Amino acid sequence: MREHHSSVVVGVAVAKTVVIDVDRLDREAHELFRQLTPGPSVGQDKEGRTVTIPPGERFVEITRRLRIIAVSDTLARAVTELLARGGHSAAIGHVQVDPAAEGDEQVLGLLIDFRGSRAVVPLRPGARQLRIYPEIDGIHLTGHEPLLTIELPAEAVEQDGWIKVDSIVAALAEHLSPAA
């Protein structure tokens, strides 16, 4: 005779606290920021001589754009966490293109509550200005004027152009209301 066992799993929610290491995220983003442009490939030819092959222009541009998104994503996770710890509502949105930025690269948008409305802050690594725009569904913010432009202090910019998460959060938090 065969025994038959059946199991019934009842939905059980298990709360797990995840501690986000903001300093680690800032270091990771900074390291990626230093490597935005790919270097040449180095190898050896048939005779064993060292050969250096520079990357193609298209490859450099594609790689740089991808890395800017990766840096922006890591930066957004750290900024969101620090804002939450400070009592501000923030979330990571989708990629955005800031028409007032130096380039047309896509970066992650930080979703915030600003003056009673949802808004987005494109987080462009190394940018000296933070611009708050009305939240939109699209990628391009072209045609939308910033609701506020925040100038980051010169002393916040490191020698290589990096701006630490703490500096971004301090500048942004001044203009946000606490989460309800």
# chains A, B, ... in the order shown; residues from 1 in each chain; ligands from 1
>>> residues_around(residues="stretch 39-45 of chain A", least_positions_apart="5", cutoff="6 Å", atoms="only C-alpha atoms", output="list of chain:residue names")
A:Thr50, A:Val51, A:Thr52, A:Ile53, A:Pro54, A:Pro55
>>> residues_around(residues="stretch 146-155 of chain A", least_positions_apart="6", cutoff="7 Å", atoms="only C-alpha atoms", output="mmCIF file with N, CA and C atoms, in the first residue's frame")
data_model
loop_
_atom_site.group_PDB
_atom_site.id
_atom_site.type_symbol
_atom_site.label_atom_id
_atom_site.label_comp_id
_atom_site.auth_asym_id
_atom_site.auth_seq_id
_atom_site.Cartn_x
_atom_site.Cartn_y
_atom_site.Cartn_z
ATOM 1 N N ARG A 128 27.013 69.197 -11.155
ATOM 2 C CA ARG A 128 27.032 70.223 -10.110
ATOM 3 C C ARG A 128 25.646 70.776 -9.798
ATOM 4 N N GLN A 129 24.668 70.428 -10.632
ATOM 5 C CA GLN A 129 23.315 70.902 -10.402
ATOM 6 C C GLN A 129 22.348 69.734 -10.321
ATOM 7 N N LEU A 130 21.392 69.871 -9.404
ATOM 8 C CA LEU A 130 20.271 68.938 -9.320
ATOM 9 C C LEU A 130 19.056 69.701 -9.813
ATOM 10 N N ARG A 131 18.318 69.115 -10.744
ATOM 11 C CA ARG A 131 17.123 69.769 -11.254
ATOM 12 C C ARG A 131 15.910 68.921 -10.903
ATOM 13 N N ILE A 132 14.911 69.580 -10.363
ATOM 14 C CA ILE A 132 13.665 68.908 -10.009
ATOM 15 C C ILE A 132 12.637 69.264 -11.083
ATOM 16 N N TYR A 133 12.090 68.219 -11.733
ATOM 17 C CA TYR A 133 11.097 68.385 -12.795
ATOM 18 C C TYR A 133 9.776 67.764 -12.354
ATOM 19 N N PRO A 134 8.682 68.177 -12.984
ATOM 20 C CA PRO A 134 7.423 67.458 -12.735
ATOM 21 C C PRO A 134 7.598 66.014 -13.209
ATOM 22 N N ALA A 171 21.927 68.619 0.003
ATOM 23 C CA ALA A 171 21.409 69.694 -0.847
ATOM 24 C C ALA A 171 19.943 69.480 -1.195
#
>>> select_by_dssp(residues="stretch 30-156 of chain A", states="strand (DSSP E or B)", output="PyMOL selection string")
chain A and resi 41-44+50-53+90-97+107-114+117-122+129-134+140+148-151
>>> write_last_selection(atoms="N, CA and C atoms", output="CSV table (one decimal), in the first residue's frame")
chain,number,residue,atom,x,y,z
A,41,SER,N,42.5,47.6,-25.3
A,41,SER,CA,42.8,46.2,-25.1
A,41,SER,C,44.3,45.9,-25.3
A,42,VAL,N,44.9,45.2,-24.5
A,42,VAL,CA,46.3,44.9,-24.6
A,42,VAL,C,46.5,43.4,-24.8
A,43,GLY,N,47.3,43.0,-25.8
A,43,GLY,CA,47.5,41.5,-26.0
A,43,GLY,C,48.8,41.4,-26.7
A,44,GLN,N,49.0,40.2,-27.2
A,44,GLN,CA,50.3,39.9,-27.9
A,44,GLN,C,50.0,39.3,-29.3
A,50,THR,N,53.9,42.9,-27.6
A,50,THR,CA,52.7,43.6,-27.0
A,50,THR,C,52.0,44.4,-28.0
A,51,VAL,N,50.7,44.3,-28.1
A,51,VAL,CA,49.9,45.0,-29.1
A,51,VAL,C,48.8,45.7,-28.3
A,52,THR,N,48.7,47.0,-28.5
A,52,THR,CA,47.6,47.8,-27.8
A,52,THR,C,46.6,48.2,-28.9
A,53,ILE,N,45.3,47.8,-28.7
A,53,ILE,CA,44.3,48.2,-29.6
A,53,ILE,C,43.3,49.1,-28.9
A,90,ALA,N,11.1,59.0,-1.0
A,90,ALA,CA,11.9,58.9,-2.3
A,90,ALA,C,11.8,57.5,-2.9
A,91,ALA,N,11.9,57.4,-4.2
A,91,ALA,CA,11.9,56.1,-4.8
A,91,ALA,C,12.7,56.2,-6.1
A,92,ILE,N,13.1,55.1,-6.6
A,92,ILE,CA,13.9,55.1,-7.9
A,92,ILE,C,12.9,54.9,-9.0
A,93,GLY,N,12.9,55.8,-10.0
A,93,GLY,CA,12.1,55.7,-11.1
A,93,GLY,C,12.8,55.1,-12.3
A,94,HIS,N,12.4,55.5,-13.5
A,94,HIS,CA,13.0,54.9,-14.7
A,94,HIS,C,14.0,55.9,-15.2
A,95,VAL,N,14.7,55.5,-16.3
A,95,VAL,CA,15.7,56.4,-16.9
A,95,VAL,C,15.1,57.7,-17.4
A,96,GLN,N,15.8,58.8,-17.3
A,96,GLN,CA,15.3,60.1,-17.8
A,96,GLN,C,16.5,60.7,-18.5
A,97,VAL,N,16.2,61.7,-19.4
A,97,VAL,CA,17.2,62.5,-20.1
A,97,VAL,C,16.9,64.0,-19.6
A,107,VAL,N,19.9,58.8,-17.4
A,107,VAL,CA,20.3,58.5,-16.0
A,107,VAL,C,19.0,58.1,-15.2
A,108,LEU,N,19.2,57.5,-14.1
A,108,LEU,CA,18.0,57.2,-13.3
A,108,LEU,C,17.4,58.4,-12.7
A,109,GLY,N,16.1,58.4,-12.6
A,109,GLY,CA,15.3,59.5,-12.1
A,109,GLY,C,14.9,59.1,-10.6
A,110,LEU,N,15.1,60.0,-9.7
A,110,LEU,CA,14.8,59.9,-8.3
A,110,LEU,C,13.4,60.5,-8.2
A,111,LEU,N,12.4,59.7,-7.8
A,111,LEU,CA,11.0,60.2,-7.6
A,111,LEU,C,10.9,60.7,-6.2
A,112,ILE,N,10.4,62.0,-6.1
A,112,ILE,CA,10.2,62.6,-4.8
A,112,ILE,C,8.9,63.3,-4.7
A,113,ASP,N,8.5,63.7,-3.5
A,113,ASP,CA,7.4,64.6,-3.3
A,113,ASP,C,7.9,66.0,-3.1
A,114,PHE,N,7.5,66.9,-4.0
A,114,PHE,CA,8.0,68.2,-4.0
A,114,PHE,C,6.9,69.2,-4.0
A,117,SER,N,3.5,67.7,-4.9
A,117,SER,CA,3.3,67.0,-6.1
A,117,SER,C,4.5,66.0,-6.3
A,118,ARG,N,4.2,65.0,-7.1
A,118,ARG,CA,5.3,64.1,-7.5
A,118,ARG,C,6.2,64.7,-8.5
A,119,ALA,N,7.5,64.5,-8.3
A,119,ALA,CA,8.5,65.1,-9.1
A,119,ALA,C,9.7,64.2,-9.3
A,120,VAL,N,10.5,64.5,-10.3
A,120,VAL,CA,11.7,63.6,-10.6
A,120,VAL,C,12.9,64.4,-10.6
A,121,VAL,N,14.0,63.8,-10.1
A,121,VAL,CA,15.3,64.4,-10.1
A,121,VAL,C,16.2,63.5,-10.9
A,122,PRO,N,16.6,63.8,-12.1
A,122,PRO,CA,17.6,63.0,-12.9
A,122,PRO,C,18.9,63.0,-12.1
A,129,GLN,N,24.7,70.4,-10.6
A,129,GLN,CA,23.3,70.9,-10.4
A,129,GLN,C,22.3,69.7,-10.3
A,130,LEU,N,21.4,69.9,-9.4
A,130,LEU,CA,20.3,68.9,-9.3
A,130,LEU,C,19.1,69.7,-9.8
A,131,ARG,N,18.3,69.1,-10.7
A,131,ARG,CA,17.1,69.8,-11.3
A,131,ARG,C,15.9,68.9,-10.9
A,132,ILE,N,14.9,69.6,-10.4
A,132,ILE,CA,13.7,68.9,-10.0
A,132,ILE,C,12.6,69.3,-11.1
A,133,TYR,N,12.1,68.2,-11.7
A,133,TYR,CA,11.1,68.4,-12.8
A,133,TYR,C,9.8,67.8,-12.4
A,134,PRO,N,8.7,68.2,-13.0
A,134,PRO,CA,7.4,67.5,-12.7
A,134,PRO,C,7.6,66.0,-13.2
A,140,HIS,N,12.3,61.5,-22.0
A,140,HIS,CA,12.9,62.8,-22.2
A,140,HIS,C,12.1,63.9,-21.5
A,148,LEU,N,12.8,73.5,-9.8
A,148,LEU,CA,13.8,74.1,-9.0
A,148,LEU,C,15.2,73.5,-9.5
A,149,THR,N,16.2,74.4,-9.5
A,149,THR,CA,17.6,74.0,-9.8
A,149,THR,C,18.4,74.2,-8.5
A,150,ILE,N,19.1,73.2,-8.1
A,150,ILE,CA,19.9,73.3,-6.8
A,150,ILE,C,21.3,73.2,-7.3
A,151,GLU,N,22.1,74.2,-6.9
A,151,GLU,CA,23.5,74.3,-7.2
A,151,GLU,C,24.3,73.7,-6.0
>>> closest_residue(among="A:Ala78, A:Ala170, A:Leu83, A:Ala100", to="A:Asp23", atoms="only C-alpha atoms")
A:Ala78
